[in-house]
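A short write-up of the structure that comes next.
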Amino acid sequence: AHAKFKGVKDGKNADYIPILATVPSELFAVVIATPEGKLYSTGDADHRFSIQSVSKPFTAALVMQQQGGPQVVKDKIGVEPTGLPFNSKLALEMYEARSVNPLVNAGAIAAVSLVKARSEKDRWRKVLGNLRDFAGGADLPLLKEVYRSEYETSWSNRAIANLLYNYERLYADPEETLRVYTRQCSVGVSTKELAMMGATLANRGVNPKTGKRLLDEGSVPELLAIMLTAGFYDESGEWSYGAGLPSKTGVGGGIVSVVPGRFAIAAFSPRLNEAGNSVRAMKAIRYIAGDLGVGIFGPNPD
Ligand code: GLU
């Protein structure tokens, strides 16, 4: 898959977060991680990039785990796909759930506000600690320049946080939540680490490397269902139709896909399509899913 799509130059780096435009566009990595913790990797698989929205299912998992299962996400955030862009304010006005689902910005900001914490520092510690646990204890760093660049230009997300607060669908102070959310998105992760995070979900909630349970087995199907219906923003229908795998993408160029019970595929390349999804990463994962016939609805080689 890596060799096949290395030459693809379509799309462009995200630039609404200024620093993302400066990431070398040619970077490209593909990794498969198994429930036994075995990694099959190729390309720039150790290069750390900002996790961005790929962090979102993992913080949703933390909320489920802290608060007795998926029901809290359904009740306090919502689980409907929006069919609208990831940072939509319109969706927030249209749907009674407001935050809509934990994988778009509104719902992800709400999820951060739902993390049980005593202070901003504690909230951040829990969010980061959880991402590190999913990555098998890797020392994932905060990419400070990414954080600064994103927080300084966070007007749209600030509007979302304030609107949610107005509708009583944000459960902590808006500016504090926005800061922790923005830090969460600015965490550096390699494609290998991302594959390990996905493999934890493929392994029904237990991290393959540490053996630590991070999500109850009974909560995994709900989380994967949300990833299937909303993990690709307004392209989620087309992705489910083609690849048939619960996945999450991010504007940093990362994507993780889960083959439940079997393995995870992660891919990274910075150039994005119009919906904000990495062109090469999508092609690589779609190709692997088709070639191995592992789409959850049955083999779909075309
Ligand atoms: N931190 C980004 C934002 O809030 C995440 C977007 C994404 O990866 O989809 O806009």
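Chain labels A, B, ... are given in the sequence in which chains occur in the structure tokens; within each chain residues are numbered consecutively from 1, and ligands are likewise numbered from 1 in the order shown.
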Please return, as a count of residues only, all residues of region 210-290 of chain A that DSSP assigns to helix (DSSP H, G or I) on the basis of the backbone. 36
Can you write out as JSON lines which residues of chain A fall within 10 Å of ligand 1, alongside each residue's closest atom pair and its distance in Å to one decimal, counting only C-alpha atoms and all ligand atoms and ordering rows by chain and ascending residue number?
```
{"residue": "A:Ala14", "atom": "CA", "partner": "ligand 1", "partner_atom_place_in_ligand_line": "8 (O)", "distance": 9.2}
{"residue": "A:Tyr16", "atom": "CA", "partner": "ligand 1", "partner_atom_place_in_ligand_line": "10 (O)", "distance": 8.1}
{"residue": "A:Ile17", "atom": "CA", "partner": "ligand 1", "partner_atom_place_in_ligand_line": "10 (O)", "distance": 7.6}
{"residue": "A:Ser50", "atom": "CA", "partner": "ligand 1", "partner_atom_place_in_ligand_line": "8 (O)", "distance": 8.8}
{"residue": "A:Ile51", "atom": "CA", "partner": "ligand 1", "partner_atom_place_in_ligand_line": "8 (O)", "distance": 7.4}
{"residue": "A:Gln52", "atom": "CA", "partner": "ligand 1", "partner_atom_place_in_ligand_line": "8 (O)", "distance": 4.2}
{"residue": "A:Ser53", "atom": "CA", "partner": "ligand 1", "partner_atom_place_in_ligand_line": "8 (O)", "distance": 3.7}
{"residue": "A:Val54", "atom": "CA", "partner": "ligand 1", "partner_atom_place_in_ligand_line": "8 (O)", "distance": 6.6}
{"residue": "A:Ser55", "atom": "CA", "partner": "ligand 1", "partner_atom_place_in_ligand_line": "8 (O)", "distance": 8.5}
{"residue": "A:Lys56", "atom": "CA", "partner": "ligand 1", "partner_atom_place_in_ligand_line": "8 (O)", "distance": 8.9}
{"residue": "A:Pro85", "atom": "CA", "partner": "ligand 1", "partner_atom_place_in_ligand_line": "9 (O)", "distance": 8.9}
{"residue": "A:Phe86", "atom": "CA", "partner": "ligand 1", "partner_atom_place_in_ligand_line": "9 (O)", "distance": 5.9}
{"residue": "A:Asn87", "atom": "CA", "partner": "ligand 1", "partner_atom_place_in_ligand_line": "10 (O)", "distance": 6.4}
{"residue": "A:Leu103", "atom": "CA", "partner": "ligand 1", "partner_atom_place_in_ligand_line": "9 (O)", "distance": 8.4}
{"residue": "A:Val104", "atom": "CA", "partner": "ligand 1", "partner_atom_place_in_ligand_line": "9 (O)", "distance": 7.1}
{"residue": "A:Asn105", "atom": "CA", "partner": "ligand 1", "partner_atom_place_in_ligand_line": "4 (O)", "distance": 5.7}
{"residue": "A:Ala106", "atom": "CA", "partner": "ligand 1", "partner_atom_place_in_ligand_line": "4 (O)", "distance": 8.9}
{"residue": "A:Ala108", "atom": "CA", "partner": "ligand 1", "partner_atom_place_in_ligand_line": "4 (O)", "distance": 8.8}
{"residue": "A:Ile109", "atom": "CA", "partner": "ligand 1", "partner_atom_place_in_ligand_line": "4 (O)", "distance": 8.6}
{"residue": "A:Val146", "atom": "CA", "partner": "ligand 1", "partner_atom_place_in_ligand_line": "1 (N)", "distance": 9.5}
{"residue": "A:Tyr147", "atom": "CA", "partner": "ligand 1", "partner_atom_place_in_ligand_line": "1 (N)", "distance": 8.9}
{"residue": "A:Glu150", "atom": "CA", "partner": "ligand 1", "partner_atom_place_in_ligand_line": "1 (N)", "distance": 7.1}
{"residue": "A:Tyr151", "atom": "CA", "partner": "ligand 1", "partner_atom_place_in_ligand_line": "1 (N)", "distance": 9.0}
{"residue": "A:Thr153", "atom": "CA", "partner": "ligand 1", "partner_atom_place_in_ligand_line": "10 (O)", "distance": 9.7}
{"residue": "A:Ser154", "atom": "CA", "partner": "ligand 1", "partner_atom_place_in_ligand_line": "4 (O)", "distance": 7.7}
{"residue": "A:Trp155", "atom": "CA", "partner": "ligand 1", "partner_atom_place_in_ligand_line": "10 (O)", "distance": 9.9}
{"residue": "A:Ser156", "atom": "CA", "partner": "ligand 1", "partner_atom_place_in_ligand_line": "10 (O)", "distance": 8.0}
{"residue": "A:Asn157", "atom": "CA", "partner": "ligand 1", "partner_atom_place_in_ligand_line": "4 (O)", "distance": 6.2}
{"residue": "A:Arg158", "atom": "CA", "partner": "ligand 1", "partner_atom_place_in_ligand_line": "4 (O)", "distance": 9.6}
{"residue": "A:Ile160", "atom": "CA", "partner": "ligand 1", "partner_atom_place_in_ligand_line": "4 (O)", "distance": 10.0}
{"residue": "A:Leu178", "atom": "CA", "partner": "ligand 1", "partner_atom_place_in_ligand_line": "4 (O)", "distance": 9.2}
{"residue": "A:Tyr181", "atom": "CA", "partner": "ligand 1", "partner_atom_place_in_ligand_line": "1 (N)", "distance": 7.7}
{"residue": "A:Thr182", "atom": "CA", "partner": "ligand 1", "partner_atom_place_in_ligand_line": "1 (N)", "distance": 5.9}
{"residue": "A:Arg183", "atom": "CA", "partner": "ligand 1", "partner_atom_place_in_ligand_line": "1 (N)", "distance": 8.5}
{"residue": "A:Gln184", "atom": "CA", "partner": "ligand 1", "partner_atom_place_in_ligand_line": "1 (N)", "distance": 8.0}
{"residue": "A:Cys185", "atom": "CA", "partner": "ligand 1", "partner_atom_place_in_ligand_line": "1 (N)", "distance": 4.8}
{"residue": "A:Ser186", "atom": "CA", "partner": "ligand 1", "partner_atom_place_in_ligand_line": "1 (N)", "distance": 7.2}
{"residue": "A:Gly231", "atom": "CA", "partner": "ligand 1", "partner_atom_place_in_ligand_line": "9 (O)", "distance": 9.5}
{"residue": "A:Phe232", "atom": "CA", "partner": "ligand 1", "partner_atom_place_in_ligand_line": "9 (O)", "distance": 8.8}
{"residue": "A:Tyr233", "atom": "CA", "partner": "ligand 1", "partner_atom_place_in_ligand_line": "9 (O)", "distance": 7.9}
{"residue": "A:Lys248", "atom": "CA", "partner": "ligand 1", "partner_atom_place_in_ligand_line": "9 (O)", "distance": 9.2}
{"residue": "A:Thr249", "atom": "CA", "partner": "ligand 1", "partner_atom_place_in_ligand_line": "8 (O)", "distance": 6.7}
{"residue": "A:Gly250", "atom": "CA", "partner": "ligand 1", "partner_atom_place_in_ligand_line": "8 (O)", "distance": 3.5}
{"residue": "A:Val251", "atom": "CA", "partner": "ligand 1", "partner_atom_place_in_ligand_line": "8 (O)", "distance": 3.8}
{"residue": "A:Gly252", "atom": "CA", "partner": "ligand 1", "partner_atom_place_in_ligand_line": "8 (O)", "distance": 6.2}
{"residue": "A:Gly253", "atom": "CA", "partner": "ligand 1", "partner_atom_place_in_ligand_line": "8 (O)", "distance": 8.1}
{"residue": "A:Gly254", "atom": "CA", "partner": "ligand 1", "partner_atom_place_in_ligand_line": "8 (O)", "distance": 8.6}
{"residue": "A:Ile255", "atom": "CA", "partner": "ligand 1", "partner_atom_place_in_ligand_line": "8 (O)", "distance": 9.9}
{"residue": "A:Ala275", "atom": "CA", "partner": "ligand 1", "partner_atom_place_in_ligand_line": "9 (O)", "distance": 9.2}
{"residue": "A:Gly276", "atom": "CA", "partner": "ligand 1", "partner_atom_place_in_ligand_line": "9 (O)", "distance": 6.7}
{"residue": "A:Asn277", "atom": "CA", "partner": "ligand 1", "partner_atom_place_in_ligand_line": "9 (O)", "distance": 8.2}
```
Need to verify the contact set: Ser257 (chain A), 9 Å, only C-alpha atoms, exclusion of same-chain residues closer than 2 positions in sequence. Can you return it as a short mmCIF file (atom, residue, chain, number, x, y, z; two decimals) with N, CA, C and O atoms, in the first residue's frame?
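Result file out_30.cif:
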```
data_model
loop_
_atom_site.label_atom_id
_atom_site.label_comp_id
_atom_site.auth_asym_id
_atom_site.auth_seq_id
_atom_site.Cartn_x
_atom_site.Cartn_y
_atom_site.Cartn_z
N ALA A 195 -1.06 3.17 15.80
CA ALA A 195 -1.52 1.81 15.50
C ALA A 195 -1.73 1.04 16.81
O ALA A 195 -2.70 0.29 16.96
N GLY A 198 -4.99 2.04 18.32
CA GLY A 198 -6.09 1.36 17.63
C GLY A 198 -6.17 -0.11 18.01
O GLY A 198 -7.26 -0.67 18.17
N MET A 227 -17.43 5.57 15.82
CA MET A 227 -16.32 5.78 14.87
C MET A 227 -16.75 5.45 13.44
O MET A 227 -16.36 6.13 12.49
N LEU A 245 -14.79 0.09 7.81
CA LEU A 245 -14.04 -0.05 9.07
C LEU A 245 -14.25 1.16 9.97
O LEU A 245 -14.12 2.31 9.52
N PRO A 246 -14.54 0.93 11.27
CA PRO A 246 -14.59 2.04 12.22
C PRO A 246 -13.22 2.71 12.27
O PRO A 246 -12.20 2.03 12.39
N SER A 247 -13.21 4.03 12.14
CA SER A 247 -11.95 4.75 11.96
C SER A 247 -12.04 6.12 12.57
O SER A 247 -13.13 6.62 12.86
N LYS A 248 -10.89 6.77 12.74
CA LYS A 248 -10.90 8.20 13.08
C LYS A 248 -9.77 8.89 12.35
O LYS A 248 -8.65 8.38 12.31
N THR A 249 -10.06 10.03 11.81
CA THR A 249 -9.07 10.82 11.08
C THR A 249 -8.75 12.10 11.85
O THR A 249 -9.48 12.48 12.76
N ILE A 255 -4.71 8.74 10.43
CA ILE A 255 -5.97 7.99 10.45
C ILE A 255 -5.71 6.66 11.17
O ILE A 255 -4.67 6.04 10.96
N VAL A 259 -10.01 -3.17 12.90
CA VAL A 259 -10.66 -4.40 12.46
C VAL A 259 -10.98 -5.15 13.76
O VAL A 259 -10.08 -5.73 14.37
N PHE A 263 -7.02 -6.57 14.29
CA PHE A 263 -5.85 -5.68 14.29
C PHE A 263 -6.27 -4.26 13.99
O PHE A 263 -7.46 -4.00 13.73
N ALA A 264 -5.31 -3.35 14.05
CA ALA A 264 -5.57 -1.96 13.69
C ALA A 264 -4.62 -1.56 12.57
O ALA A 264 -3.50 -2.06 12.48
N ILE A 265 -5.10 -0.65 11.74
CA ILE A 265 -4.25 -0.09 10.68
C ILE A 265 -4.16 1.41 10.94
O ILE A 265 -5.20 2.07 11.09
N ALA A 266 -2.94 1.94 11.01
CA ALA A 266 -2.78 3.39 11.12
C ALA A 266 -1.98 3.87 9.92
O ALA A 266 -1.10 3.16 9.43
N ALA A 267 -2.30 5.05 9.45
CA ALA A 267 -1.54 5.63 8.35
C ALA A 267 -1.46 7.13 8.57
O ALA A 267 -2.31 7.72 9.24
N ILE A 285 -5.21 2.66 3.62
CA ILE A 285 -6.04 1.82 4.52
C ILE A 285 -7.16 1.15 3.71
O ILE A 285 -7.43 -0.04 3.88
#
```
With a cut-off of 12 Å, could you pull out the residues of region 206-272 of chain A touching region 65-83 of chain A and give me the nearest pair of atoms for each, distance in Å to one decimal, using only C-alpha atoms, ordered by chain and ascending number, as a tab-separated table?
```
residue	atom	partner	partner_atom	distance
A:Arg213	CA	A:Gln65	CA	10.0
A:Leu214	CA	A:Gln65	CA	7.4
A:Leu215	CA	A:Gln65	CA	5.9
A:Asp216	CA	A:Gln65	CA	7.0
A:Glu217	CA	A:Gly69	CA	10.1
A:Gly218	CA	A:Gly69	CA	8.1
A:Ser219	CA	A:Pro70	CA	6.0
A:Val220	CA	A:Pro70	CA	8.9
A:Pro221	CA	A:Pro70	CA	9.6
A:Glu222	CA	A:Pro70	CA	6.8
A:Leu223	CA	A:Pro70	CA	7.7
A:Leu224	CA	A:Pro70	CA	11.2
A:Ala225	CA	A:Val79	CA	9.0
A:Ile226	CA	A:Val79	CA	6.4
A:Met227	CA	A:Pro81	CA	9.6
A:Leu228	CA	A:Pro81	CA	9.5
A:Thr229	CA	A:Pro81	CA	5.9
A:Ala230	CA	A:Pro81	CA	5.0
A:Gly231	CA	A:Pro81	CA	8.7
A:Phe232	CA	A:Pro81	CA	9.7
A:Tyr233	CA	A:Gly83	CA	6.9
A:Asp234	CA	A:Gly83	CA	4.5
A:Glu235	CA	A:Gly83	CA	7.6
A:Ser236	CA	A:Gly83	CA	8.0
A:Gly237	CA	A:Gly83	CA	8.6
A:Glu238	CA	A:Gly83	CA	11.0
```
Export, as a CSV table (one decimal), in the first residue's frame, the selected residues with N, CA and C atoms.
```
chain,number,residue,atom,x,y,z
A,213,ARG,N,-6.3,-2.9,31.0
A,213,ARG,CA,-7.7,-2.7,30.4
A,213,ARG,C,-8.0,-1.2,30.5
A,214,LEU,N,-8.3,-0.6,29.3
A,214,LEU,CA,-8.5,0.9,29.2
A,214,LEU,C,-10.0,1.2,28.9
A,215,LEU,N,-10.7,0.2,28.4
A,215,LEU,CA,-12.1,0.4,28.1
A,215,LEU,C,-12.8,-1.0,28.3
A,216,ASP,N,-13.9,-1.0,29.1
A,216,ASP,CA,-14.6,-2.2,29.3
A,216,ASP,C,-15.0,-2.8,28.0
A,217,GLU,N,-15.0,-4.2,27.9
A,217,GLU,CA,-15.3,-4.8,26.7
A,217,GLU,C,-16.7,-4.5,26.2
A,218,GLY,N,-17.6,-4.3,27.1
A,218,GLY,CA,-19.0,-4.0,26.8
A,218,GLY,C,-19.2,-2.6,26.2
A,219,SER,N,-18.2,-1.7,26.4
A,219,SER,CA,-18.3,-0.4,25.8
A,219,SER,C,-17.6,-0.2,24.4
A,220,VAL,N,-16.8,-1.2,24.1
A,220,VAL,CA,-16.1,-1.1,22.8
A,220,VAL,C,-17.1,-1.1,21.6
A,221,PRO,N,-18.1,-1.9,21.5
A,221,PRO,CA,-19.0,-1.8,20.3
A,221,PRO,C,-19.6,-0.4,20.2
A,222,GLU,N,-20.0,0.2,21.2
A,222,GLU,CA,-20.6,1.5,21.1
A,222,GLU,C,-19.6,2.5,20.6
A,223,LEU,N,-18.4,2.5,21.1
A,223,LEU,CA,-17.4,3.4,20.6
A,223,LEU,C,-17.1,3.2,19.1
A,224,LEU,N,-17.0,1.9,18.8
A,224,LEU,CA,-16.7,1.6,17.4
A,224,LEU,C,-17.8,2.0,16.4
A,225,ALA,N,-19.0,1.9,17.0
A,225,ALA,CA,-20.2,2.3,16.2
A,225,ALA,C,-20.2,3.8,15.9
A,226,ILE,N,-19.8,4.6,16.9
A,226,ILE,CA,-19.6,6.1,16.7
A,226,ILE,C,-18.5,6.3,15.7
A,227,MET,N,-17.4,5.6,15.8
A,227,MET,CA,-16.3,5.8,14.9
A,227,MET,C,-16.7,5.4,13.4
A,228,LEU,N,-17.6,4.4,13.3
A,228,LEU,CA,-18.0,4.0,11.9
A,228,LEU,C,-18.9,5.1,11.3
A,229,THR,N,-19.8,5.7,12.2
A,229,THR,CA,-20.8,6.6,11.6
A,229,THR,C,-20.3,8.1,11.6
A,230,ALA,N,-19.3,8.4,12.4
A,230,ALA,CA,-18.9,9.8,12.5
A,230,ALA,C,-17.4,10.0,12.4
A,231,GLY,N,-16.6,9.0,12.3
A,231,GLY,CA,-15.1,9.1,12.4
A,231,GLY,C,-14.5,9.9,11.2
A,232,PHE,N,-15.2,10.0,10.1
A,232,PHE,CA,-14.6,10.6,8.9
A,232,PHE,C,-15.3,11.9,8.6
A,233,TYR,N,-15.9,12.6,9.6
A,233,TYR,CA,-16.6,13.8,9.4
A,233,TYR,C,-17.7,13.6,8.4
A,234,ASP,N,-17.9,14.6,7.5
A,234,ASP,CA,-19.0,14.5,6.5
A,234,ASP,C,-18.6,13.5,5.4
A,235,GLU,N,-17.6,12.7,5.5
A,235,GLU,CA,-17.3,11.7,4.5
A,235,GLU,C,-17.5,10.3,5.1
A,236,SER,N,-18.1,10.3,6.3
A,236,SER,CA,-18.2,9.0,7.0
A,236,SER,C,-19.0,7.9,6.3
A,237,GLY,N,-20.1,8.4,5.6
A,237,GLY,CA,-20.9,7.4,4.8
A,237,GLY,C,-20.1,6.8,3.7
A,238,GLU,N,-19.4,7.6,3.0
A,238,GLU,CA,-18.6,7.1,1.9
A,238,GLU,C,-17.5,6.2,2.3
```
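Atom pair CA of Met64 (chain A) / CA of Val180 (chain A): separated by 18.2 Å.
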Please return as an MDAnalysis selection string: the residues of region 2-249 of chain A that backbone DSSP assigns to strand (DSSP E or B). chainID A and resid 12 29:33 39:43 49:50 142 187:189 206 213 247:249
Determine, counting only C-alpha atoms, which protein, DNA and RNA residues have an atom within 8 Å of an atom of Glu193 (chain A); residues of the same chain fewer than 6 positions away are not included. Present the result as number ranges by chain. A: 135-136, 138
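Proximity to Val294 (chain A) was assessed for A:Val187, A:Leu114, A:Ala281, A:Val258 counting only C-alpha atoms; the smallest distance is recorded for A:Val258.
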Distance query Val115 (chain A) at most 9 Å, only C-alpha atoms, self and fewer than 6 positions along chain excluded, as JSON, numbers by chain: {"A": [59, 60, 62, 63, 66, 67, 123, 126, 127]}
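CA of Thr34 (chain A) is positioned 8.0 Å from CA of Met196 (chain A).
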Please list as a PyMOL selection string every residue within 9 Å of Phe268 (chain A), counting only C-alpha atoms and excluding residues in the same chain fewer than 3 positions away. chain A and resi 27-30+44-45+49+190-191+252-256+278+280-282
Residues at most 10 Å from Arg98 (chain A), counting only C-alpha atoms, excluding those fewer than 2 positions away in the same chain, as a PyMOL selection string? chain A and resi 76-78+89-96+100-101+106-107+110+160+163-164+167-170
Residues just named, written with C-alpha atoms as a PDB file, in the first residue's frame:
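Final output, saved to result_6.pdb:
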```
ATOM      1  CA  LYS A  76     -24.697  14.275  27.637  1.00  0.00           C
ATOM      2  CA  ILE A  77     -23.056  14.544  24.209  1.00  0.00           C
ATOM      3  CA  GLY A  78     -25.044  12.584  21.598  1.00  0.00           C
ATOM      4  CA  LYS A  89     -21.740  25.633  14.404  1.00  0.00           C
ATOM      5  CA  LEU A  90     -24.818  24.988  12.297  1.00  0.00           C
ATOM      6  CA  ALA A  91     -24.985  21.385  13.575  1.00  0.00           C
ATOM      7  CA  LEU A  92     -24.913  22.709  17.099  1.00  0.00           C
ATOM      8  CA  GLU A  93     -27.926  24.914  16.406  1.00  0.00           C
ATOM      9  CA  MET A  94     -29.800  22.277  14.406  1.00  0.00           C
ATOM     10  CA  TYR A  95     -29.660  19.288  16.736  1.00  0.00           C
ATOM     11  CA  GLU A  96     -31.188  19.229  20.164  1.00  0.00           C
ATOM     12  CA  VAL A 100     -24.015  15.935  18.460  1.00  0.00           C
ATOM     13  CA  ASN A 101     -21.299  13.242  18.831  1.00  0.00           C
ATOM     14  CA  ALA A 106     -18.390  20.266  19.593  1.00  0.00           C
ATOM     15  CA  GLY A 107     -18.804  16.783  21.050  1.00  0.00           C
ATOM     16  CA  ALA A 110     -17.916  18.460  25.574  1.00  0.00           C
ATOM     17  CA  ILE A 160     -18.337  26.300  19.932  1.00  0.00           C
ATOM     18  CA  LEU A 163     -22.366  28.041  22.545  1.00  0.00           C
ATOM     19  CA  LEU A 164     -22.310  24.637  24.250  1.00  0.00           C
ATOM     20  CA  TYR A 167     -27.050  25.407  26.000  1.00  0.00           C
ATOM     21  CA  GLU A 168     -25.869  23.666  29.186  1.00  0.00           C
ATOM     22  CA  ARG A 169     -24.115  21.011  27.121  1.00  0.00           C
ATOM     23  CA  LEU A 170     -20.644  21.881  28.396  1.00  0.00           C
TER      24      LEU A 170
END
```
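Proximity of A:Pro270, A:Arg204, A:Asn130, A:Ser99 to Tyr171 (chain A), computed with only C-alpha atoms, is greatest for A:Ser99.
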Computed interatomic separation between CA of Leu142 (chain A) and CA of Arg179 (chain A) (Å): 12.5 Å
